[in-house]
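Q: For reference, this is coords_32.cif, and it has mmCIF, N, CA and C atoms.
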```
data_my_file
#
loop_
_atom_site.label_atom_id
_atom_site.label_comp_id
_atom_site.auth_asym_id
_atom_site.auth_seq_id
_atom_site.Cartn_x
_atom_site.Cartn_y
_atom_site.Cartn_z
N MET H 1 0.83 -1.19 0.00
CA MET H 1 0.00 0.00 0.00
C MET H 1 0.87 1.25 0.00
N ALA H 2 0.37 2.28 -0.62
CA ALA H 2 1.09 3.55 -0.65
C ALA H 2 0.96 4.24 0.70
N GLN H 3 2.07 4.78 1.15
CA GLN H 3 2.06 5.50 2.41
C GLN H 3 2.41 6.95 2.15
N THR H 4 1.65 7.85 2.73
CA THR H 4 1.90 9.28 2.61
C THR H 4 2.32 9.80 3.97
N LEU H 5 3.56 10.26 4.08
CA LEU H 5 4.06 10.78 5.35
C LEU H 5 3.40 12.12 5.64
N ILE H 6 2.82 12.23 6.83
CA ILE H 6 2.15 13.45 7.24
C ILE H 6 3.03 14.26 8.19
N ALA H 7 3.56 13.61 9.22
CA ALA H 7 4.39 14.31 10.20
C ALA H 7 5.42 13.34 10.75
N SER H 8 6.60 13.87 11.06
CA SER H 8 7.62 13.03 11.70
C SER H 8 8.17 13.78 12.90
N ASN H 9 8.55 13.03 13.90
CA ASN H 9 9.09 13.58 15.14
C ASN H 9 10.61 13.44 15.06
N ARG H 10 11.27 14.40 14.42
CA ARG H 10 12.71 14.32 14.21
C ARG H 10 13.46 14.44 15.54
N ARG H 11 12.88 15.11 16.47
CA ARG H 11 13.50 15.32 17.77
C ARG H 11 13.61 14.01 18.56
N ALA H 12 12.76 13.06 18.25
CA ALA H 12 12.72 11.80 19.00
C ALA H 12 14.04 11.05 18.88
N HIS H 13 14.62 11.01 17.69
CA HIS H 13 15.89 10.29 17.51
C HIS H 13 17.04 11.03 18.17
N TYR H 14 16.89 12.33 18.38
CA TYR H 14 17.93 13.09 19.07
C TYR H 14 17.84 12.90 20.58
N ASP H 15 16.63 12.88 21.12
CA ASP H 15 16.44 12.79 22.56
C ASP H 15 16.40 11.37 23.10
N TYR H 16 16.08 10.39 22.23
CA TYR H 16 15.92 9.01 22.67
C TYR H 16 16.71 8.05 21.80
N GLU H 17 17.15 6.99 22.42
CA GLU H 17 17.70 5.86 21.68
C GLU H 17 16.52 4.92 21.45
N ILE H 18 16.11 4.77 20.20
CA ILE H 18 14.93 3.98 19.86
C ILE H 18 15.34 2.51 19.81
N ILE H 19 14.70 1.70 20.65
CA ILE H 19 15.05 0.29 20.78
C ILE H 19 14.23 -0.57 19.83
N GLU H 20 12.93 -0.32 19.77
CA GLU H 20 12.04 -1.14 18.95
C GLU H 20 10.87 -0.29 18.48
N THR H 21 10.36 -0.57 17.27
CA THR H 21 9.25 0.20 16.74
C THR H 21 8.09 -0.72 16.34
N VAL H 22 6.91 -0.13 16.28
CA VAL H 22 5.71 -0.86 15.85
C VAL H 22 4.74 0.14 15.24
N GLU H 23 3.91 -0.34 14.32
CA GLU H 23 2.88 0.48 13.70
C GLU H 23 1.58 0.30 14.47
N ALA H 24 0.91 1.42 14.75
CA ALA H 24 -0.35 1.37 15.48
C ALA H 24 -1.39 2.21 14.75
N GLY H 25 -2.65 1.82 14.91
CA GLY H 25 -3.75 2.61 14.36
C GLY H 25 -4.17 3.65 15.38
N LEU H 26 -4.96 4.61 14.95
CA LEU H 26 -5.44 5.69 15.81
C LEU H 26 -6.96 5.73 15.76
N VAL H 27 -7.60 5.97 16.90
CA VAL H 27 -9.03 6.19 16.95
C VAL H 27 -9.23 7.70 16.85
N LEU H 28 -9.85 8.14 15.73
CA LEU H 28 -9.96 9.57 15.44
C LEU H 28 -11.41 9.96 15.20
N GLN H 29 -11.67 11.26 15.37
CA GLN H 29 -12.96 11.82 14.99
C GLN H 29 -12.86 12.28 13.54
N SER H 30 -13.98 12.57 12.92
CA SER H 30 -13.98 12.93 11.50
C SER H 30 -13.21 14.21 11.23
N SER H 31 -13.32 15.20 12.10
CA SER H 31 -12.59 16.46 11.88
C SER H 31 -11.09 16.26 12.06
N GLU H 32 -10.68 15.27 12.86
CA GLU H 32 -9.25 15.01 13.06
C GLU H 32 -8.61 14.40 11.82
N ILE H 33 -9.27 13.44 11.19
CA ILE H 33 -8.69 12.82 10.01
C ILE H 33 -8.61 13.83 8.87
N LYS H 34 -9.55 14.76 8.81
CA LYS H 34 -9.50 15.80 7.78
C LYS H 34 -8.34 16.73 8.02
N SER H 35 -8.07 17.08 9.26
CA SER H 35 -6.91 17.92 9.58
C SER H 35 -5.60 17.17 9.30
N ILE H 36 -5.58 15.87 9.58
CA ILE H 36 -4.38 15.08 9.31
C ILE H 36 -4.11 15.06 7.81
N ARG H 37 -5.14 14.90 7.01
CA ARG H 37 -4.96 14.90 5.55
C ARG H 37 -4.49 16.26 5.04
N ASP H 38 -4.75 17.34 5.79
CA ASP H 38 -4.27 18.68 5.45
C ASP H 38 -2.88 18.97 6.03
N ASN H 39 -2.22 17.97 6.63
CA ASN H 39 -0.88 18.11 7.23
C ASN H 39 -0.85 19.12 8.37
N ARG H 40 -1.88 19.16 9.17
CA ARG H 40 -1.94 20.09 10.29
C ARG H 40 -1.73 19.35 11.61
N VAL H 41 -0.55 18.69 11.71
CA VAL H 41 -0.23 17.83 12.85
C VAL H 41 1.15 18.18 13.38
N ASN H 42 1.30 18.12 14.70
CA ASN H 42 2.61 18.31 15.32
C ASN H 42 2.79 17.22 16.39
N LEU H 43 3.84 16.40 16.23
CA LEU H 43 4.09 15.31 17.18
C LEU H 43 5.11 15.68 18.26
N ALA H 44 5.69 16.87 18.19
CA ALA H 44 6.71 17.26 19.15
C ALA H 44 6.13 17.29 20.56
N GLY H 45 6.80 16.64 21.47
CA GLY H 45 6.37 16.62 22.87
C GLY H 45 5.29 15.60 23.18
N SER H 46 4.90 14.80 22.21
CA SER H 46 3.86 13.81 22.47
C SER H 46 4.47 12.50 22.94
N TYR H 47 3.65 11.70 23.59
CA TYR H 47 4.13 10.43 24.15
C TYR H 47 2.96 9.48 24.31
N GLY H 48 3.27 8.20 24.41
CA GLY H 48 2.26 7.19 24.65
C GLY H 48 2.32 6.72 26.09
N PHE H 49 1.15 6.40 26.64
CA PHE H 49 1.12 5.92 28.02
C PHE H 49 -0.05 4.96 28.20
N PRO H 50 0.17 3.83 28.89
CA PRO H 50 -0.92 2.87 29.09
C PRO H 50 -1.86 3.32 30.22
N SER H 51 -3.14 2.99 30.03
CA SER H 51 -4.14 3.30 31.04
C SER H 51 -5.30 2.32 30.87
N ASN H 52 -5.65 1.61 31.94
CA ASN H 52 -6.76 0.65 31.94
C ASN H 52 -6.65 -0.38 30.82
N GLY H 53 -5.47 -0.91 30.59
CA GLY H 53 -5.29 -1.93 29.59
C GLY H 53 -5.32 -1.43 28.16
N GLU H 54 -5.21 -0.13 27.96
CA GLU H 54 -5.19 0.47 26.64
C GLU H 54 -4.01 1.41 26.54
N MET H 55 -3.54 1.67 25.31
CA MET H 55 -2.44 2.60 25.09
C MET H 55 -3.03 3.89 24.53
N TRP H 56 -2.61 5.02 25.09
CA TRP H 56 -3.13 6.33 24.71
C TRP H 56 -2.00 7.23 24.26
N LEU H 57 -2.27 8.04 23.25
CA LEU H 57 -1.33 9.03 22.75
C LEU H 57 -1.71 10.38 23.35
N HIS H 58 -0.78 10.98 24.09
CA HIS H 58 -1.02 12.26 24.76
C HIS H 58 -0.19 13.35 24.09
N ASN H 59 -0.72 14.58 24.13
CA ASN H 59 -0.03 15.80 23.68
C ASN H 59 0.26 15.86 22.19
N ALA H 60 -0.34 15.04 21.37
CA ALA H 60 -0.17 15.17 19.92
C ALA H 60 -1.14 16.25 19.46
N HIS H 61 -0.63 17.28 18.81
CA HIS H 61 -1.46 18.41 18.40
C HIS H 61 -1.98 18.18 16.98
N ILE H 62 -3.28 18.01 16.87
CA ILE H 62 -3.96 17.94 15.58
C ILE H 62 -4.87 19.17 15.55
N ALA H 63 -4.56 20.11 14.66
CA ALA H 63 -5.28 21.38 14.62
C ALA H 63 -6.76 21.16 14.29
N GLN H 64 -7.58 22.08 14.74
CA GLN H 64 -9.01 21.99 14.45
C GLN H 64 -9.23 22.19 12.96
N TYR H 65 -10.20 21.48 12.43
CA TYR H 65 -10.52 21.58 11.00
C TYR H 65 -11.38 22.83 10.80
N PRO H 66 -10.93 23.78 9.98
CA PRO H 66 -11.64 25.07 9.88
C PRO H 66 -13.02 24.98 9.22
N TYR H 67 -13.26 23.95 8.41
CA TYR H 67 -14.52 23.86 7.67
C TYR H 67 -15.52 22.90 8.32
N SER H 68 -15.26 22.51 9.56
CA SER H 68 -16.15 21.59 10.25
C SER H 68 -17.47 22.29 10.59
N ARG H 69 -18.58 21.63 10.30
CA ARG H 69 -19.88 22.23 10.54
C ARG H 69 -20.34 21.98 11.98
N GLY H 70 -20.06 20.79 12.49
CA GLY H 70 -20.52 20.45 13.83
C GLY H 70 -19.48 20.79 14.88
N GLU H 71 -19.47 20.01 15.96
CA GLU H 71 -18.48 20.20 17.02
C GLU H 71 -17.11 19.84 16.52
N ASN H 72 -16.18 20.70 16.78
CA ASN H 72 -14.80 20.43 16.41
C ASN H 72 -14.11 19.75 17.59
N HIS H 73 -13.04 19.07 17.33
CA HIS H 73 -12.31 18.35 18.38
C HIS H 73 -11.36 19.28 19.13
N HIS H 74 -10.95 18.86 20.31
CA HIS H 74 -9.93 19.58 21.07
C HIS H 74 -8.57 19.19 20.50
N PRO H 75 -7.69 20.14 20.15
CA PRO H 75 -6.42 19.82 19.47
C PRO H 75 -5.49 18.90 20.25
N LEU H 76 -5.48 18.97 21.57
CA LEU H 76 -4.53 18.19 22.36
C LEU H 76 -5.18 17.02 23.09
N ARG H 77 -6.34 16.60 22.67
CA ARG H 77 -7.01 15.52 23.39
C ARG H 77 -6.23 14.22 23.26
N SER H 78 -6.41 13.32 24.22
CA SER H 78 -5.74 12.01 24.18
C SER H 78 -6.46 11.12 23.19
N ARG H 79 -5.66 10.37 22.41
CA ARG H 79 -6.23 9.50 21.38
C ARG H 79 -5.80 8.07 21.64
N LYS H 80 -6.74 7.15 21.46
CA LYS H 80 -6.47 5.74 21.72
C LYS H 80 -5.65 5.15 20.58
N LEU H 81 -4.63 4.36 20.93
CA LEU H 81 -3.81 3.66 19.95
C LEU H 81 -4.30 2.22 19.84
N LEU H 82 -4.35 1.71 18.63
CA LEU H 82 -4.82 0.36 18.39
C LEU H 82 -3.62 -0.55 18.17
N LEU H 83 -3.40 -1.45 19.11
CA LEU H 83 -2.29 -2.39 19.06
C LEU H 83 -2.79 -3.80 19.29
N ARG H 84 -2.01 -4.77 18.86
CA ARG H 84 -2.33 -6.16 19.19
C ARG H 84 -2.08 -6.37 20.68
N LYS H 85 -2.75 -7.37 21.25
CA LYS H 85 -2.68 -7.60 22.69
C LYS H 85 -1.24 -7.84 23.16
N GLN H 86 -0.49 -8.62 22.41
CA GLN H 86 0.89 -8.93 22.78
C GLN H 86 1.76 -7.67 22.72
N GLU H 87 1.59 -6.86 21.67
CA GLU H 87 2.34 -5.61 21.56
C GLU H 87 1.95 -4.65 22.67
N LEU H 88 0.67 -4.62 22.99
CA LEU H 88 0.18 -3.73 24.05
C LEU H 88 0.83 -4.06 25.39
N ARG H 89 0.88 -5.35 25.72
CA ARG H 89 1.52 -5.77 26.98
C ARG H 89 2.99 -5.38 27.00
N LYS H 90 3.68 -5.62 25.90
CA LYS H 90 5.11 -5.34 25.82
C LYS H 90 5.39 -3.84 25.98
N TYR H 91 4.64 -3.01 25.26
CA TYR H 91 4.86 -1.56 25.31
C TYR H 91 4.38 -0.96 26.63
N ALA H 92 3.34 -1.53 27.21
CA ALA H 92 2.86 -1.04 28.51
C ALA H 92 3.89 -1.31 29.60
N SER H 93 4.49 -2.50 29.58
CA SER H 93 5.51 -2.80 30.60
C SER H 93 6.75 -1.94 30.39
N ALA H 94 7.09 -1.65 29.13
CA ALA H 94 8.26 -0.80 28.86
C ALA H 94 8.00 0.63 29.32
N ALA H 95 6.78 1.12 29.15
CA ALA H 95 6.46 2.49 29.53
C ALA H 95 6.53 2.69 31.04
N LEU H 96 6.27 1.62 31.79
CA LEU H 96 6.28 1.74 33.24
C LEU H 96 7.67 1.58 33.84
N GLN H 97 8.65 1.15 33.05
CA GLN H 97 10.02 1.04 33.54
C GLN H 97 10.67 2.42 33.58
N LYS H 98 11.57 2.60 34.54
CA LYS H 98 12.24 3.88 34.69
C LYS H 98 13.21 4.10 33.53
N GLY H 99 13.17 5.29 32.95
CA GLY H 99 14.08 5.64 31.87
C GLY H 99 13.58 5.31 30.48
N TYR H 100 12.42 4.67 30.36
CA TYR H 100 11.87 4.30 29.06
C TYR H 100 10.58 5.07 28.79
N SER H 101 10.35 5.38 27.53
CA SER H 101 9.14 6.09 27.13
C SER H 101 8.62 5.51 25.83
N ILE H 102 7.36 5.71 25.58
CA ILE H 102 6.76 5.36 24.30
C ILE H 102 6.72 6.65 23.49
N VAL H 103 7.47 6.66 22.39
CA VAL H 103 7.68 7.88 21.62
C VAL H 103 7.07 7.72 20.22
N PRO H 104 6.20 8.64 19.79
CA PRO H 104 5.72 8.59 18.40
C PRO H 104 6.81 9.08 17.45
N LEU H 105 7.04 8.35 16.37
CA LEU H 105 8.09 8.69 15.43
C LEU H 105 7.54 9.31 14.14
N LYS H 106 6.52 8.69 13.58
CA LYS H 106 5.94 9.18 12.32
C LYS H 106 4.44 9.00 12.33
N LEU H 107 3.76 9.89 11.65
CA LEU H 107 2.32 9.77 11.41
C LEU H 107 2.14 9.78 9.91
N TYR H 108 1.43 8.79 9.39
CA TYR H 108 1.26 8.69 7.95
C TYR H 108 -0.09 8.09 7.62
N ILE H 109 -0.49 8.26 6.37
CA ILE H 109 -1.73 7.69 5.86
C ILE H 109 -1.35 6.44 5.08
N SER H 110 -1.92 5.31 5.45
CA SER H 110 -1.70 4.04 4.75
C SER H 110 -3.05 3.56 4.24
N GLY H 111 -3.23 3.59 2.93
CA GLY H 111 -4.55 3.27 2.38
C GLY H 111 -5.51 4.38 2.76
N HIS H 112 -6.57 4.03 3.48
CA HIS H 112 -7.54 5.03 3.94
C HIS H 112 -7.40 5.34 5.43
N TYR H 113 -6.40 4.76 6.07
CA TYR H 113 -6.28 4.86 7.52
C TYR H 113 -5.06 5.67 7.94
N ALA H 114 -5.19 6.39 9.05
CA ALA H 114 -4.06 7.09 9.65
C ALA H 114 -3.34 6.11 10.57
N LYS H 115 -2.05 5.99 10.39
CA LYS H 115 -1.23 5.09 11.21
C LYS H 115 -0.15 5.91 11.87
N ILE H 116 0.32 5.42 13.01
CA ILE H 116 1.42 6.08 13.70
C ILE H 116 2.48 5.04 14.03
N LYS H 117 3.72 5.39 13.81
CA LYS H 117 4.83 4.51 14.15
C LYS H 117 5.36 4.96 15.50
N ILE H 118 5.26 4.06 16.48
CA ILE H 118 5.74 4.39 17.83
C ILE H 118 6.91 3.49 18.16
N GLY H 119 7.72 3.95 19.09
CA GLY H 119 8.89 3.17 19.49
C GLY H 119 9.13 3.26 20.98
N ILE H 120 9.83 2.26 21.47
CA ILE H 120 10.28 2.29 22.87
C ILE H 120 11.59 3.06 22.87
N GLY H 121 11.62 4.14 23.60
CA GLY H 121 12.81 4.99 23.62
C GLY H 121 13.42 5.06 25.01
N ARG H 122 14.74 4.97 25.04
CA ARG H 122 15.48 5.16 26.29
C ARG H 122 16.11 6.54 26.20
N GLY H 123 15.87 7.37 27.19
CA GLY H 123 16.36 8.75 27.17
C GLY H 123 17.88 8.82 27.08
N LYS H 124 18.36 9.70 26.21
CA LYS H 124 19.80 9.90 26.06
C LYS H 124 20.27 10.93 27.07
N ARG H 125 21.49 10.75 27.50
CA ARG H 125 22.13 11.75 28.36
C ARG H 125 22.76 12.82 27.48
N ARG H 126 23.16 13.91 28.08
CA ARG H 126 23.73 15.02 27.32
C ARG H 126 24.97 14.59 26.55
N TYR H 127 25.82 13.78 27.17
CA TYR H 127 27.05 13.36 26.48
C TYR H 127 26.75 12.41 25.33
N ASP H 128 25.67 11.63 25.43
CA ASP H 128 25.26 10.78 24.32
C ASP H 128 24.81 11.62 23.13
N LYS H 129 24.12 12.73 23.41
CA LYS H 129 23.67 13.60 22.34
C LYS H 129 24.86 14.25 21.64
N ARG H 130 25.86 14.67 22.41
CA ARG H 130 27.06 15.27 21.80
C ARG H 130 27.79 14.24 20.95
N LYS H 131 27.84 13.01 21.43
CA LYS H 131 28.49 11.93 20.69
C LYS H 131 27.77 11.69 19.35
N THR H 132 26.44 11.71 19.37
CA THR H 132 25.66 11.52 18.15
C THR H 132 25.95 12.64 17.14
N ILE H 133 26.02 13.87 17.62
CA ILE H 133 26.31 15.01 16.74
C ILE H 133 27.70 14.87 16.14
N MET H 134 28.69 14.48 16.95
CA MET H 134 30.06 14.32 16.44
C MET H 134 30.12 13.23 15.39
N GLU H 135 29.40 12.12 15.59
CA GLU H 135 29.40 11.04 14.60
C GLU H 135 28.78 11.50 13.28
N LYS H 136 27.69 12.26 13.34
CA LYS H 136 27.06 12.78 12.13
C LYS H 136 28.02 13.70 11.37
N GLU H 137 28.72 14.58 12.11
CA GLU H 137 29.66 15.49 11.47
C GLU H 137 30.81 14.72 10.83
N ARG H 138 31.32 13.71 11.53
CA ARG H 138 32.41 12.89 11.00
C ARG H 138 31.99 12.17 9.71
N ASN H 139 30.79 11.60 9.72
CA ASN H 139 30.28 10.92 8.52
C ASN H 139 30.09 11.89 7.36
N ARG H 140 29.57 13.08 7.65
CA ARG H 140 29.36 14.08 6.61
C ARG H 140 30.70 14.51 6.01
N GLU H 141 31.69 14.77 6.87
CA GLU H 141 33.02 15.17 6.38
C GLU H 141 33.66 14.06 5.56
N ALA H 142 33.48 12.81 5.97
CA ALA H 142 34.05 11.68 5.22
C ALA H 142 33.41 11.58 3.84
N LYS H 143 32.11 11.75 3.77
CA LYS H 143 31.43 11.71 2.47
C LYS H 143 31.91 12.83 1.56
N GLU H 144 32.09 14.04 2.13
CA GLU H 144 32.59 15.17 1.34
C GLU H 144 34.00 14.90 0.84
N ALA H 145 34.84 14.31 1.69
CA ALA H 145 36.22 14.00 1.29
C ALA H 145 36.24 12.98 0.16
N ILE H 146 35.41 11.97 0.25
CA ILE H 146 35.32 10.95 -0.81
C ILE H 146 34.85 11.58 -2.10
N LYS H 147 33.86 12.46 -2.00
CA LYS H 147 33.33 13.13 -3.18
C LYS H 147 34.41 14.00 -3.84
N ARG H 148 35.22 14.72 -3.03
CA ARG H 148 36.31 15.56 -3.56
C ARG H 148 37.37 14.72 -4.26
N ASN H 149 37.70 13.56 -3.71
CA ASN H 149 38.75 12.71 -4.28
C ASN H 149 38.35 12.10 -5.60
N PHE H 150 37.06 11.87 -5.81
CA PHE H 150 36.61 11.24 -7.04
C PHE H 150 36.28 12.24 -8.13
N GLN H 151 36.36 13.52 -7.84
CA GLN H 151 36.05 14.52 -8.88
C GLN H 151 37.29 15.02 -9.56
#
```
If you took the structure in this file and wrote it as structure tokens, what would it be?

A:
Amino acid sequence: MAQTLIASNRRAHYDYEIIETVEAGLVLQSSEIKSIRDNRVNLAGSYGFPSNGEMWLHNAHIAQYPYSRGENHHPLRSRKLLLRKQELRKYASAALQKGYSIVPLKLYISGHYAKIKIGIGRGKRRYDKRKTIMEKERNREAKEAIKRNFQ
């Protein structure tokens, strides 16, 4: 199926070491899916958390749909994530461990449905972040050097 990327949480890979990822569905209202199709989504600062045997996405900002005739949705409301039972147990136990979080990575449209890619993230320390930046710079400089030598 064709996938259309709507929003990505680029900050997640900087702040967290992503251990494992899974695709989840979202329970949405009609005005929310219309806003998602208009690319009016921000995943920065959002997270997943289990509650009553279900996984919920908190702080994901989906802007109100301007052409909605009826009641519009609240932009920061919590949305239920649809996972298989085994995945739900695994991610719920990871979310309750110290130092681990459920982090949304990408939101995209797959077929007619909005899907979200979430991952188990372990928070990086400041020195880990500096190390990541140095590795990226080293790789970039190496690629430039190779490109210069072959021209």

Q: Taking into account only C-alpha atoms, which residue in the set H:Arg122, H:Arg140, H:Arg77, H:Arg11 is nearest to Gln97 in chain H?

A: H:Arg122

Q: Would you mind telling me which residue in H:Ile6, H:Leu76, H:Ile33, H:Ala44 lies nearest to Pro104 in chain H when using only C-alpha atoms?

A: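 Ranking H:Ile6, H:Leu76, H:Ile33, H:Ala44 by distance to Pro104 in chain H, first place goes to H:Ala44.
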
Q: Given the PyMOL selection byres ((chain H and resi 22) around 6) and the file above, list the residues it selects as a list in words.

A: Glu20, Thr21, Glu23, Ala24, Ile116, Lys117, Ile118 and Gly119 of chain H

Q: My list of candidates is H:Arg126, H:Asn52, H:Arg37, H:Ala2. Which is closest to Arg89 in chain H when distances are computed with only C-alpha atoms?

A: H:Asn52

Q: I need the residue nearest Ala94 in chain H from this list: H:Leu57, H:Ser46, H:Lys80, H:Ile19. Use only C-alpha atoms for the distance.

A: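 Looking at the shortest contact to Ala94 in chain H, the residue is H:Ile19.
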
Q: So which residues fall inside 8 Å of (12.6, 13.9, 18.1) if we count all atoms listed in the file? Mind giving them as a list in words?

A: Ser8, Asn9, Arg10, Arg11, Ala12, His13, Tyr14, Asp15, Tyr16, Leu43, Ala44, Gly45, Pro104 and Leu105 of chain H

Q: Which of range 60-92 of chain H counts as strand (DSSP E) under DSSP, as a list of chain:residue names please?

A: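 Strand (DSSP E) assignments inside range 60-92 of chain H correspond to H:His61, H:Ile62, H:Arg79, H:Lys80, H:Leu81, H:Leu82.
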
Q: Output as JSON lines one row per residue of range 71-148 of chain H within 6 Å of range 25-32 of chain H: the closest atom pair and its distance in Å to one decimal place, counting only C-alpha atoms, sorted by chain and residue number ascending.

A:
```
{"residue": "H:Lys80", "atom": "CA", "partner": "H:Val27", "partner_atom": "CA", "distance": 5.4}
{"residue": "H:Leu81", "atom": "CA", "partner": "H:Leu26", "partner_atom": "CA", "distance": 4.9}
{"residue": "H:Leu82", "atom": "CA", "partner": "H:Gly25", "partner_atom": "CA", "distance": 4.7}
{"residue": "H:Lys115", "atom": "CA", "partner": "H:Gly25", "partner_atom": "CA", "distance": 4.7}
```

Q: Residues near Lys34 in chain H, anyone? I mean within 8 Å using all atoms listed in the file, not counting same-chain ones fewer than 5 positions away, as a VMD selection string.

A: chain H and resid 29 39 to 40 63 to 66
